[in-house]
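The structure appears right after this line, and notes come after that.
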Amino acid sequence: MAYASHIINHSKKLRNAPNFLWHEHTIFIRWFSNHAQPSIGKRDDTWKIRRHCHVPSERETVSRSATSGTMSMFGIQKRNISMTTMKVRDPSVGLAHNQGFSCSQVYTRRGFSSDSGLPPHQEIGMPSLSPTMSEGNIARWVKKEGDKVSTGEVLCEVETDKATVELECMEEGYLAKIVHGDGSKEIKVGEVIAITVEDEEDIAKFKGYEPSTSGAGAVKESPAPPKKEVVEQPVSSPEPKTSKPTAAPPAEDRIFSSPLARKLAEEQDVPLSSIKGTGLDGRIVKADIEDYLASRGKEVSATASKAKAATPAALDYADIPHSQIRKITASRLLFSKQTIPHYYLTVDTCVDKLMDLRSQLNSLQEASGGKRISVNDLVIKAAALALRKVPQCNSSWTDEYIRQYHNVNINVAVQTDNGLFVPVIRDADKKGLSRIGEEVKQLAQKAKENSLKPEDYEGGTFTVSNLGGPFGIKQFCAIINPPQSGILAVGSAEKRVVPSSGPEQFEFASLMSVTLSCDHRVIDGAIGAEWLKAFKGYIENPESMLL
């Protein structure tokens with residue numbers, strides 16, 4: 001049969017009724033009204049089904065109003081109308097088919113009362129709060145079980161792969177069950193974390209509730225012990241016992257020993273065959289056993305001392321569990337090194353004029369009450385202007401094409417106690433130095449507080465990592481942050497002796513080493529060198545950045 005028939009199983013009276021068969025792909029919508037539900041007799045079952053369930057065609061748009069209120073696709077009128085995916089079973093094959101709507105990244109599922117006795121409820125799943133998020137942690141619950149929740153109120157704080165984000169409630173009701181409590185780790189996206197109900201008296205019915213793998217919850221029931229199958233063993237006739245005569249050992253193999261020596265050898269588990277007797281005719285006496293035990297004790301103690309001396313001292317260590325940001329950083333950087341063909345270009349830039357300009361600008365900032373401008377702010381500005389001049393470096397690789405971005409968004413690497421964060425400065429080529437400095441300080445503070453939101457770090461097209469100013473690193477190579485195709489590693493500035501204009505004349509200059517890591521699939525060597533030339537020009541002639 002091309003299309004399986006389904007029977008609504010909400011009513012026990014309809015389970016065997018062959019009159020209600022619908023199309024396989026039909027979407028069932030059921031609404032409940034707390035204000036108007038007329039009593040219907042036993043003969044009005046057909047009317048009850050038609051009133052509570054509407055079965056539109058696949059292309060039909062559902063839009064109608066009932067006696068109790070207007071129907072809403074998104075659950076705005078929550079107490080009058082609710083939408084859900086209903087399971088429809090085909091008795092001929094015994095399979096359940098599910099269809100549903102996906103309206104946002106917050107996973108919720110509406111459940112109806114069934115034979116298990118559970119009232120209508122809503123399952124709240126772990127949301128996907130960033131493009132790279134596959135699992136999350138529950139930092140803490142703001143609401144407790146039994147609390148009333150309203151739309152927009154914060155339910156809990158979710159630790160994502162980048163930051164800690166507040167999860168807001170989508171509907172009014174009561175928090176009936178918290179499936180994963182404070183500190184729960186590695187919860188998959190979409191996995192149920194809590195249950196809400198509309199009526200307060202329904203909270204107690206979810207005390208032993210646990211969601212099943214298919215999404216529907218059920219109260220725990222102790223499983224029946226498995227029945228042990230009794231296997232009958234065939235009865236075998238006992239074999240007759242016969243005594244086998246033992247052959248007497250030959251005379252030349254006999255070991256002669258005194259009774260006292262034999263007793264001592266048995267107690268000390270000493271083989272008599274390994275001892276040479278000193279008694280009459282080679283007989284083993286007690287003194288032979290004692291000499292053997294003394295020599296064996298010396299050998300055992302010597303072996304033990306050698307083994308003890310050869311064993312190294314045990315290492316003292318502590319196992320630190322991975323944080324969510326540490327796991328995602330490891331995954332992304334490993335993916336970058338395994339899939340992106342890196343190459344590196346290094347150049348020295350003279351920063352004497354840059355430092356002079358910075359001093360002048362900071363004097364103006366202090367006079368006007370503004371914040372000081374750092375060397376890193378000037379580097380970000382120079383990198384953004386160089387990307388605008390050489391747009392091939394402001395691109396990313398895909399299997400079908402190279403995507404070149406028109407926005408210059410610079411990610412800035414920030415190291416915190418919680419891990420490495422890369423907040424983004426959007427349209428850095430269009431912003432002034434003062435504005436860039438303020439945003440960098442604000443985002444760095446949010447990163448240290450672990451309060452960055454997805455919009456604070458998503459959408460970058462190029463990254464700047466500076467280990468020179470804070471740590472004094474002279475030069476290093478950075479790993480590209482995918483899907484970007486370039487990252488600039490900034491070293492420290494140091495005084496060096498450089499040739500002057502005249503013959504045999506030298507002078508001191510402050511030089512700063514920078515290294516550009518490039519994706520060779522996107523940026524050819526000449527293009528990378530052209531970008532570094534543009535960057536060096538802005539650094540050595542900083543007045544051009546103000547034009």
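By order in the structure tokens, chains are A, B, ...; within a chain, residues start at 1; ligands start at 1, following the order shown.
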
Using only C-alpha atoms, what does the table of range 432-524 of chain A residues within 8 Å of range 377-384 of chain A look like, with each row giving the shortest atom pair and its distance in Å to one decimal, sorted by chain and ascending number, as a tab-separated table?
```
residue	atom	partner	partner_atom	distance
A:Leu433	CA	A:Asp377	CA	6.4
A:Ile436	CA	A:Asp377	CA	6.3
A:Gly437	CA	A:Asp377	CA	5.6
A:Val440	CA	A:Asp377	CA	8.0
A:Val464	CA	A:Ile380	CA	7.1
```

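Shell of Glu186 in chain A at 8 Å, with only C-alpha atoms counted and residues fewer than 3 places along the chain excluded, is A:Glu135, A:Gly136, A:Asn137.
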
Written selection (N, CA, C and O atoms) as a PDB file, in the first residue's frame:
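What ended up in selection_29.pdb:
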```
ATOM      1  N   GLU A 135      27.174  20.831  22.255  1.00  0.00           N
ATOM      2  CA  GLU A 135      26.748  20.474  23.598  1.00  0.00           C
ATOM      3  C   GLU A 135      27.009  21.655  24.520  1.00  0.00           C
ATOM      4  O   GLU A 135      27.766  22.568  24.179  1.00  0.00           O
ATOM      5  N   GLY A 136      26.384  21.667  25.666  1.00  0.00           N
ATOM      6  CA  GLY A 136      26.537  22.771  26.614  1.00  0.00           C
ATOM      7  C   GLY A 136      26.477  22.288  28.048  1.00  0.00           C
ATOM      8  O   GLY A 136      26.142  21.125  28.320  1.00  0.00           O
ATOM      9  N   ASN A 137      26.786  23.190  28.959  1.00  0.00           N
ATOM     10  CA  ASN A 137      26.739  22.901  30.388  1.00  0.00           C
ATOM     11  C   ASN A 137      25.731  23.830  31.058  1.00  0.00           C
ATOM     12  O   ASN A 137      25.516  24.960  30.611  1.00  0.00           O
TER      13      ASN A 137
END
```

Min atom-atom distance to Gln404 in chain A from the set A:Ala493, A:Ala529, A:Leu546, A:Ile523, counting only C-alpha atoms, belongs to A:Ile523

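Distances here use only C-alpha atoms; by that measure, the residue among A:Ser517, A:Asn376, A:Ser273, A:Gln338 closest to Leu354 in chain A is A:Asn376.
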
Could you go through range 114-224 of chain A and tell me which residues DSSP, when run on the backbone, assigns to strand (DSSP E or B), listing them as a ChimeraX atom specification? /A:121-125,135-141,148-149,154-159,164-168,173-178,187-188,192-197,209-211,217-219
